[in-house]
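Listing of query.csv, CSV, C-alpha atoms and all ligand atoms
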chain,number,residue,atom,x,y,z
A,261,MET,CA,-6.7,18.9,7.0
A,262,LEU,CA,-2.9,18.9,6.7
A,263,ARG,CA,-1.1,22.3,6.4
A,264,SER,CA,-1.2,23.0,2.7
A,265,ASP,CA,2.2,24.8,2.7
A,266,SER,CA,4.2,21.9,4.1
A,267,LYS,CA,5.3,18.5,2.7
A,268,LYS,CA,7.3,16.8,5.5
A,269,VAL,CA,7.6,13.0,5.4
A,270,VAL,CA,9.2,10.8,8.1
A,271,ILE,CA,10.2,7.3,7.1
A,272,VAL,CA,10.4,4.7,9.9
A,273,GLY,CA,12.3,1.7,8.7
A,274,THR,CA,15.1,2.5,6.2
A,275,GLY,CA,15.5,-1.0,4.8
A,276,MET,CA,14.9,-2.0,1.2
A,277,VAL,CA,11.3,-0.8,1.1
A,278,GLY,CA,11.9,2.4,3.1
A,279,MET,CA,14.9,3.5,1.0
A,280,SER,CA,13.2,2.5,-2.4
A,281,TYR,CA,10.4,4.9,-1.3
A,282,ALA,CA,12.9,7.5,-0.3
A,283,TYR,CA,14.7,7.2,-3.7
A,284,ALA,CA,11.5,7.4,-5.7
A,285,MET,CA,10.4,10.4,-3.6
A,286,LEU,CA,13.7,12.2,-4.3
A,287,ASN,CA,13.5,11.6,-8.0
A,288,GLN,CA,9.8,12.6,-8.2
A,289,SER,CA,10.1,15.7,-5.9
A,290,GLY,CA,7.5,14.0,-3.7
A,291,CYS,CA,8.1,16.2,-0.6
A,292,ASP,CA,10.3,19.0,0.6
A,293,GLU,CA,11.6,17.5,3.9
A,294,MET,CA,12.4,13.9,4.5
A,295,VAL,CA,13.5,12.4,7.8
A,296,LEU,CA,14.9,8.9,8.2
A,297,ILE,CA,14.4,6.8,11.3
A,298,ASP,CA,15.5,3.2,12.0
A,299,VAL,CA,16.7,1.2,15.0
A,300,ASN,CA,20.0,1.0,13.1
A,301,GLU,CA,20.9,4.7,13.5
A,302,LYS,CA,24.2,4.4,11.7
A,303,LYS,CA,22.4,3.2,8.6
A,304,THR,CA,20.1,6.2,8.6
A,305,ILE,CA,23.1,8.5,8.7
A,306,GLY,CA,24.7,6.7,5.8
A,307,GLU,CA,21.4,6.7,3.8
A,308,ALA,CA,20.8,10.4,4.4
A,309,MET,CA,24.4,11.2,3.2
A,310,ASP,CA,23.9,9.0,0.1
A,311,LEU,CA,20.6,10.7,-0.9
A,312,ASN,CA,22.0,14.2,-0.2
A,313,HIS,CA,24.8,13.5,-2.6
A,314,GLY,CA,22.3,12.9,-5.3
A,315,LEU,CA,20.5,16.2,-4.7
A,316,ALA,CA,22.5,18.0,-7.3
A,317,PHE,CA,20.9,15.7,-9.9
A,318,ALA,CA,17.4,15.8,-8.4
A,319,PRO,CA,14.5,17.7,-10.0
A,320,SER,CA,14.1,20.0,-7.0
A,321,THR,CA,15.7,20.6,-3.6
A,322,MET,CA,14.8,18.6,-0.5
A,323,LYS,CA,15.9,18.7,3.2
A,324,ILE,CA,17.0,15.1,4.0
A,325,TYR,CA,18.4,14.0,7.4
A,326,ALA,CA,18.6,11.1,9.9
A,327,GLY,CA,16.3,11.9,12.8
A,328,ASN,CA,14.3,10.5,15.7
A,329,TYR,CA,10.7,10.4,16.9
A,330,SER,CA,10.7,14.0,18.1
A,331,ASP,CA,10.9,14.9,14.3
A,332,CYS,CA,7.4,13.5,13.9
A,333,GLY,CA,5.6,16.3,15.8
A,334,ASP,CA,5.2,18.6,12.8
A,335,ALA,CA,5.4,15.9,10.1
A,336,ASP,CA,2.6,15.6,7.5
A,337,ILE,CA,3.0,11.9,6.8
A,338,VAL,CA,4.7,9.2,8.7
A,339,VAL,CA,5.5,6.2,6.5
A,340,ILE,CA,6.1,2.9,8.3
A,341,CYS,CA,8.3,0.4,6.5
A,342,ALA,CA,9.9,-1.1,9.6
A,343,GLY,CA,9.8,-4.7,10.2
A,344,VAL,CA,11.1,-8.1,9.2
A,345,ALA,CA,10.9,-9.0,5.5
A,346,GLN,CA,9.0,-12.0,4.3
A,347,LYS,CA,11.1,-15.1,4.0
A,348,PRO,CA,10.8,-17.5,1.0
A,349,GLY,CA,7.7,-19.7,1.6
A,350,GLU,CA,6.5,-17.6,4.5
A,351,SER,CA,2.9,-16.2,4.2
A,352,ARG,CA,2.4,-12.5,5.0
A,353,LEU,CA,0.2,-13.5,7.9
A,354,ASP,CA,3.0,-15.5,9.5
A,355,LEU,CA,4.8,-12.2,9.9
A,356,LEU,CA,2.1,-10.8,12.1
A,357,ASN,CA,3.4,-11.5,15.6
A,358,ARG,CA,6.9,-10.4,14.9
A,359,ASN,CA,5.8,-7.1,13.4
A,360,ALA,CA,3.1,-6.3,15.9
A,361,ALA,CA,5.7,-6.1,18.7
A,362,VAL,CA,7.8,-3.8,16.6
A,363,PHE,CA,4.8,-1.5,16.0
A,364,LYS,CA,4.1,-0.9,19.7
A,365,THR,CA,7.6,0.6,20.0
A,366,ILE,CA,7.0,2.9,17.0
A,367,ILE,CA,3.5,4.2,17.2
A,368,GLU,CA,3.5,5.2,20.9
A,369,PRO,CA,6.5,7.7,20.7
A,370,ILE,CA,5.1,9.2,17.5
A,371,VAL,CA,1.7,9.9,19.0
A,372,ALA,CA,3.4,11.1,22.2
A,373,VAL,CA,5.2,14.0,20.4
A,374,GLY,CA,1.9,15.3,19.0
A,375,PHE,CA,1.9,13.9,15.5
A,376,HIS,CA,-1.4,14.8,13.9
A,377,GLY,CA,-0.8,14.0,10.2
A,378,ILE,CA,-1.4,10.8,8.2
A,379,PHE,CA,0.1,7.3,8.9
A,380,LEU,CA,1.0,5.4,5.7
A,381,VAL,CA,1.8,1.8,6.4
A,382,ALA,CA,3.7,-0.6,4.1
A,383,THR,CA,4.9,-3.3,6.6
A,384,ASN,CA,3.4,-6.7,6.0
A,385,PRO,CA,0.9,-8.2,6.6
A,386,VAL,CA,-0.1,-4.7,5.6
A,387,ASP,CA,-3.9,-4.8,6.2
A,388,ILE,CA,-3.3,-6.0,9.7
A,389,MET,CA,-0.4,-3.6,10.4
A,390,THR,CA,-2.7,-0.8,9.3
A,391,TYR,CA,-5.4,-2.0,11.6
A,392,ILE,CA,-2.8,-2.2,14.4
A,393,THR,CA,-1.6,1.3,13.7
A,394,ARG,CA,-5.2,2.7,13.9
A,395,LYS,CA,-5.8,0.9,17.2
A,396,LEU,CA,-2.5,1.9,18.8
A,397,SER,CA,-2.7,5.5,17.6
A,398,GLY,CA,-6.4,6.1,18.3
A,399,PHE,CA,-6.4,8.2,15.0
A,400,PRO,CA,-9.6,8.5,13.0
A,401,ALA,CA,-9.8,6.0,10.1
A,402,ALA,CA,-9.3,8.7,7.5
A,403,ARG,CA,-5.8,9.3,8.7
A,404,VAL,CA,-4.5,5.7,8.7
A,405,ILE,CA,-3.8,4.3,5.3
A,406,GLY,CA,-2.2,1.1,4.2
A,407,SER,CA,-0.6,0.4,0.8
A,408,GLY,CA,-3.2,-2.3,0.5
A,409,THR,CA,-3.5,-3.7,-3.0
A,410,THR,CA,-2.1,-0.7,-4.9
A,411,LEU,CA,1.0,-2.6,-6.0
A,412,ASP,CA,-1.1,-5.7,-6.9
A,413,THR,CA,-3.4,-3.4,-8.9
A,414,ALA,CA,-0.5,-1.9,-10.8
A,415,ARG,CA,0.8,-5.4,-11.6
A,416,LEU,CA,-2.7,-6.4,-12.8
A,417,ARG,CA,-3.0,-3.3,-15.1
A,418,PHE,CA,0.4,-3.9,-16.6
A,419,LEU,CA,-0.3,-7.6,-17.3
A,420,VAL,CA,-3.9,-7.1,-18.6
A,421,GLY,CA,-2.6,-4.2,-20.7
A,422,GLU,CA,0.0,-6.5,-22.2
A,423,TYR,CA,-2.5,-9.2,-22.9
A,424,PHE,CA,-4.9,-6.9,-24.8
A,425,GLY,CA,-2.1,-4.8,-26.3
A,426,ILE,CA,-3.6,-1.7,-24.6
A,427,ASN,CA,-1.8,1.0,-22.6
A,428,PRO,CA,-2.2,0.1,-18.8
A,429,ARG,CA,-3.5,3.6,-18.2
A,430,ASN,CA,-6.7,2.6,-20.1
A,431,ILE,CA,-7.1,-0.6,-18.1
A,432,HIS,CA,-9.5,0.2,-15.2
A,433,ALA,CA,-9.3,-3.0,-13.2
A,434,TYR,CA,-8.6,-3.6,-9.5
A,435,VAL,CA,-7.2,-6.2,-7.2
A,436,ILE,CA,-9.2,-5.9,-4.0
A,437,GLY,CA,-9.2,-7.6,-0.6
A,438,GLU,CA,-6.4,-8.7,1.6
A,439,HIS,CA,-2.9,-7.9,0.2
A,440,GLY,CA,-2.2,-11.7,0.2
A,441,ASP,CA,-3.6,-15.0,-0.7
A,442,SER,CA,-7.3,-14.2,-0.6
A,443,GLU,CA,-7.0,-11.1,-2.8
A,444,PHE,CA,-9.0,-11.3,-6.1
A,445,VAL,CA,-10.0,-9.3,-9.2
A,446,PRO,CA,-13.7,-8.4,-9.5
A,447,TRP,CA,-13.8,-9.0,-13.3
A,448,SER,CA,-17.4,-7.9,-13.6
A,449,LYS,CA,-16.1,-4.4,-12.9
A,450,ALA,CA,-12.9,-4.5,-15.1
A,451,LEU,CA,-13.0,-2.1,-18.0
A,452,ILE,CA,-10.8,-1.3,-21.1
A,453,ALA,CA,-11.6,2.4,-21.4
A,454,THR,CA,-15.4,2.2,-20.9
A,455,LYS,CA,-15.9,-1.3,-22.4
A,456,SER,CA,-16.3,-4.3,-20.1
A,457,VAL,CA,-13.3,-6.7,-20.2
A,458,ILE,CA,-15.9,-9.6,-20.2
A,459,ASP,CA,-17.6,-8.2,-23.3
A,460,VAL,CA,-14.2,-7.9,-25.0
A,461,VAL,CA,-13.5,-11.6,-24.2
A,462,ASN,CA,-16.9,-12.8,-25.3
A,463,GLN,CA,-16.7,-10.9,-28.6
A,464,ASN,CA,-13.2,-12.0,-29.6
A,465,ARG,CA,-12.0,-15.7,-29.8
A,466,GLU,CA,-8.5,-14.6,-29.5
A,467,TYR,CA,-9.1,-13.9,-25.8
A,468,SER,CA,-10.3,-16.1,-22.9
A,469,MET,CA,-11.4,-15.7,-19.3
A,470,ASN,CA,-9.0,-18.6,-18.4
A,471,GLN,CA,-6.1,-16.5,-19.5
A,472,LEU,CA,-7.4,-13.6,-17.4
A,473,ILE,CA,-7.7,-15.9,-14.4
A,474,ALA,CA,-4.1,-17.0,-15.1
A,475,ILE,CA,-3.1,-13.3,-15.0
A,476,GLN,CA,-4.9,-12.9,-11.7
A,477,GLU,CA,-2.9,-15.9,-10.3
A,478,GLU,CA,0.4,-14.4,-11.7
A,479,VAL,CA,-0.4,-11.2,-9.8
A,480,ARG,CA,-1.2,-13.0,-6.6
A,481,THR,CA,2.0,-15.0,-6.6
A,482,SER,CA,4.4,-12.5,-8.1
A,483,ALA,CA,5.8,-11.3,-4.7
A,484,GLN,CA,6.8,-14.9,-3.9
A,485,VAL,CA,8.5,-15.3,-7.3
A,486,ILE,CA,10.4,-12.0,-6.8
A,487,ILE,CA,11.4,-13.0,-3.3
A,488,GLU,CA,12.7,-16.4,-4.5
A,489,ALA,CA,14.7,-14.6,-7.2
A,490,LYS,CA,16.1,-11.7,-5.3
A,491,LYS,CA,15.1,-12.1,-1.6
A,492,ALA,CA,12.7,-9.1,-1.4
A,493,THR,CA,10.5,-6.8,-3.4
A,494,TYR,CA,11.0,-3.1,-3.0
A,495,TYR,CA,11.1,-0.9,-6.2
A,496,GLY,CA,7.4,-1.4,-7.0
A,497,ILE,CA,6.2,-0.8,-3.5
A,498,GLY,CA,8.5,2.3,-3.2
A,499,MET,CA,6.8,3.7,-6.2
A,500,ALA,CA,3.3,2.8,-5.0
A,501,LEU,CA,3.9,4.6,-1.7
A,502,THR,CA,5.2,7.6,-3.7
A,503,ARG,CA,2.0,7.6,-5.7
A,504,ILE,CA,-0.1,7.5,-2.6
A,505,THR,CA,2.0,10.3,-1.0
A,506,LYS,CA,1.5,12.5,-4.1
A,507,ALA,CA,-2.3,11.9,-4.1
A,508,ILE,CA,-2.3,13.2,-0.5
A,509,PHE,CA,0.0,16.2,-0.9
A,510,GLN,CA,-1.6,17.3,-4.2
A,511,ASP,CA,-5.1,16.9,-2.7
A,512,GLU,CA,-5.9,14.8,-5.8
A,513,ASN,CA,-9.1,12.9,-4.9
A,514,SER,CA,-7.6,10.0,-6.8
A,515,VAL,CA,-9.0,6.5,-6.6
A,516,LEU,CA,-6.4,4.0,-5.2
A,517,THR,CA,-6.8,0.5,-3.8
A,518,VAL,CA,-5.3,1.4,-0.4
A,519,SER,CA,-6.1,-0.4,2.8
A,520,SER,CA,-9.0,1.4,4.4
A,521,MET,CA,-11.1,0.9,7.4
A,522,LEU,CA,-14.6,-0.3,6.4
A,523,CYS,CA,-17.5,1.3,8.3
A,524,GLY,CA,-20.5,-0.4,6.8
A,525,GLU,CA,-19.3,-0.5,3.2
A,526,TYR,CA,-19.8,-4.0,1.6
A,527,GLY,CA,-21.7,-4.8,4.8
A,528,GLU,CA,-18.4,-5.0,6.7
A,529,GLN,CA,-17.3,-3.2,9.9
A,530,ASP,CA,-14.0,-2.8,11.7
A,531,VAL,CA,-11.8,-4.4,9.0
A,532,THR,CA,-9.0,-2.7,7.2
A,533,ILE,CA,-8.6,-4.0,3.7
A,534,GLY,CA,-7.7,-3.0,0.1
A,535,VAL,CA,-10.6,-1.3,-1.7
A,536,PRO,CA,-11.0,1.5,-4.2
A,537,THR,CA,-10.7,4.6,-2.0
A,538,ILE,CA,-10.7,8.3,-2.8
A,539,VAL,CA,-7.5,9.8,-1.4
A,540,ASN,CA,-6.8,13.5,-0.8
A,541,ARG,CA,-5.0,15.9,1.6
A,542,ASN,CA,-7.2,14.7,4.5
A,543,GLY,CA,-6.2,11.1,3.8
A,544,ILE,CA,-9.2,8.9,3.0
A,545,LYS,CA,-12.1,11.0,1.7
A,546,ASP,CA,-14.4,8.2,0.9
A,547,ILE,CA,-14.6,4.6,-0.2
A,548,LEU,CA,-16.0,4.0,-3.7
A,549,GLU,CA,-18.1,1.0,-3.1
A,550,LEU,CA,-18.3,-1.4,-6.1
A,551,ASN,CA,-21.4,-3.1,-7.1
A,552,LEU,CA,-20.0,-6.7,-6.9
A,553,ASN,CA,-21.8,-9.7,-8.2
A,554,ASP,CA,-22.7,-12.6,-5.9
A,555,GLU,CA,-19.5,-14.6,-6.5
A,556,GLU,CA,-17.4,-11.5,-5.9
A,557,VAL,CA,-19.3,-10.7,-2.7
A,558,GLU,CA,-18.4,-14.2,-1.4
A,559,LYS,CA,-14.8,-13.7,-2.2
A,560,PHE,CA,-14.7,-10.3,-0.5
A,561,LYS,CA,-16.4,-11.7,2.6
A,562,ASN,CA,-13.9,-14.5,2.7
A,563,SER,CA,-11.0,-12.0,2.5
A,564,CYS,CA,-12.5,-10.0,5.4
A,565,GLU,CA,-12.9,-13.1,7.4
A,566,THR,CA,-9.3,-14.2,6.8
A,567,LEU,CA,-8.1,-10.9,8.2
A,568,ARG,CA,-10.6,-10.8,11.1
A,569,LYS,CA,-9.4,-14.2,12.3
A,570,PHE,CA,-6.0,-12.6,12.9
A,571,TYR,CA,-7.4,-9.4,14.5
A,572,ASN,CA,-9.1,-11.5,17.1
A,573,GLU,CA,-5.8,-13.1,18.1
A,574,LEU,CA,-4.0,-9.7,18.5
A,575,GLU,CA,-2.9,-8.7,21.9
A,576,LEU,CA,-2.9,-4.9,21.7
A,601,LIG,P1,14.3,-4.7,5.6
A,601,LIG,O1,14.7,-5.8,6.5
A,601,LIG,O2,15.2,-4.4,4.4
A,601,LIG,O3,14.1,-3.4,6.4
A,601,LIG,C1,13.4,-3.3,7.6
A,601,LIG,C2,14.0,-2.2,8.4
A,601,LIG,O4,13.2,-2.0,9.6
A,601,LIG,C3,15.4,-2.5,8.8
A,601,LIG,O5,16.3,-1.4,8.5
A,601,LIG,C4,15.3,-2.6,10.4
A,601,LIG,O6,16.4,-2.1,11.0
A,601,LIG,C5,14.1,-1.7,10.6
A,601,LIG,N1,13.5,-1.9,11.9
A,601,LIG,C6,13.2,-3.0,12.6
A,601,LIG,N2,12.6,-2.8,13.7
A,601,LIG,C7,12.5,-1.4,13.9
A,601,LIG,C8,12.0,-0.6,14.9
A,601,LIG,N3,11.5,-1.0,16.0
A,601,LIG,N4,12.1,0.8,14.6
A,601,LIG,C9,12.6,1.3,13.5
A,601,LIG,N5,13.1,0.5,12.5
A,601,LIG,C10,13.0,-0.9,12.7
A,601,LIG,O7,12.9,-5.1,5.0
A,601,LIG,P2,12.2,-4.5,3.7
A,601,LIG,O8,12.4,-5.4,2.6
A,601,LIG,O9,12.4,-3.1,3.6
A,601,LIG,O10,10.6,-4.8,4.1
A,601,LIG,C11,10.0,-4.0,5.1
A,601,LIG,C12,8.5,-4.4,5.2
A,601,LIG,O11,7.8,-4.0,4.0
A,601,LIG,C13,8.3,-5.9,5.4
A,601,LIG,O12,7.3,-6.1,6.4
A,601,LIG,C14,7.9,-6.3,4.0
A,601,LIG,O13,7.1,-7.5,4.1
A,601,LIG,C15,7.0,-5.2,3.6
A,601,LIG,N6,6.7,-5.1,2.2
A,601,LIG,C16,5.4,-4.6,1.9
A,601,LIG,C17,5.0,-4.6,0.6
A,601,LIG,C18,3.6,-4.1,0.3
A,601,LIG,O14,3.1,-4.2,-0.8
A,601,LIG,N7,2.9,-3.6,1.3
A,601,LIG,C19,5.9,-4.9,-0.4
A,601,LIG,C20,7.2,-5.3,-0.1
A,601,LIG,C21,7.6,-5.4,1.2
Can I see the file as structure tokens?
Ligand code: NAD
Amino acid sequence: MLRSDSKKVVIVGTGMVGMSYAYAMLNQSGCDEMVLIDVNEKKTIGEAMDLNHGLAFAPSTMKIYAGNYSDCGDADIVVICAGVAQKPGESRLDLLNRNAAVFKTIIEPIVAVGFHGIFLVATNPVDIMTYITRKLSGFPAARVIGSGTTLDTARLRFLVGEYFGINPRNIHAYVIGEHGDSEFVPWSKALIATKSVIDVVNQNREYSMNQLIAIQEEVRTSAQVIIEAKKATYYGIGMALTRITKAIFQDENSVLTVSSMLCGEYGEQDVTIGVPTIVNRNGIKDILELNLNDEEVEKFKNSCETLRKFYNELEL
């Protein structure tokens, strides 16, 4: 269990994603101490200055500074956003080899200074980078979390909410699987309030499953569309990471589709993948296993296999 009186976050990688997270955290009072680390030290100094100058307008005070790995010893959460951003047309899995080498140089010094908190990983391909973080750190599965399909799920709830004209807060639907091409929506488990989305479609000619499948496709490809338009995606993921951080610090037991290590759930072992997970101050409390139909089970297995193929090629 993390110390309940402390909220210290270290961000490794202060590029677009790291700083969008930092900015969201500052505006939402997500922590009380924030340390910025990057290979580009000059940038972290500038970023810390810039954020500190906004403190007068922030909802609460926060200690923000540029640091180094020795600052991780008493940190509660280390958030890893370091790496190379996805290029137009490049799949997330293509990034693997470039980012795996970077992670070796990050995880080892953090563990060496006695960090015993929670790793939160955003770097893509996020499921694999979360798996690598667990292997390199030797941490228990509960204390290594990836952002998984939290952002995809937020995109889905927004679009499904728009389609039915219902507040996204009342849309209980998830994107699960790899944060990438093999992700999917288990529609048999999608609800509007407590009513099945499939029932709503079957009872109303205005709506169709084809349109919902098109929404699923829009979610799956939206990162590429944003990257083509503005080179990278960062605000949404910054807010998703902030949401996960708050679920940890506030000991919420909230269900979020983070990337979690499966230990027998869905009949899978030793794979880190986006699934509805209960998150609290200890990290991953439990995985809320969905009762998927046969078609969804096939899709989930395919997603696990896609990731496993890459794990097997890793040189750790
Ligand atoms: P960016 O290029 O803007 O920032 C990356 C930062 O990492 C740079 O500041 C760089 O100096 C730093 N860095 C590189 N090597 C380092 C090292 N060894 N130690 C410390 N810092 C190092 O990229 P970005 O747009 O911020 O994206 C970062 C990562 O987040 C990418 O892998 C991207 O694909 C991923 N991402 C994930 C999601 C998600 O849903 N999980 C969404 C968007 C982006």
What does the list of residues within 9 Å of ligand LIG 601 (chain A) look like if you count all atoms listed in the file, written as number ranges by chain?
A: 272-280, 297-301, 303-304, 340-347, 352, 355, 359, 361-366, 381-387, 406-412, 439, 483, 491-498, 500-501
May I have a table of the residues of stretch 456-497 of chain A lying at most 9 Å from stretch 430-435 of chain A, giving each one's closest pair of atoms and their distance in Å to one decimal, counting all atoms listed in the file, ordered by chain and ascending residue number, as a Markdown table?
| residue | atom | partner | partner_atom | distance |
| --- | --- | --- | --- | --- |
| A:Val457 | CA | A:Ala433 | CA | 8.9 |
| A:Gln476 | CA | A:Val435 | CA | 8.4 |
| A:Val479 | CA | A:Val435 | CA | 8.8 |
Restricting the calculation to all atoms listed in the file, which member of A:Glu555, A:Ala372, A:Thr413, A:Gly377 is positioned closest to A:Leu516?
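Checking each candidate against A:Leu516, we get A:Thr413 as the closest.
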Atom-to-atom span, atom CA of A:Ser519 and atom CA of A:Leu416, Å
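Interatomic distance, atom CA of A:Ser519 to atom CA of A:Leu416: 17.1 Å.
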Let me know the centre plus edge lengths, in Å and rounded to one decimal, of a box with edges along x, y and z that contains all listed atoms of stretch 326-345 of chain A and is padded by 6 Å on every side, as lines of an AutoDock Vina configuration file.
center_x = 10.6
center_y = 4.8
center_z = 11.8
size_x = 28.0
size_y = 39.6
size_z = 24.6
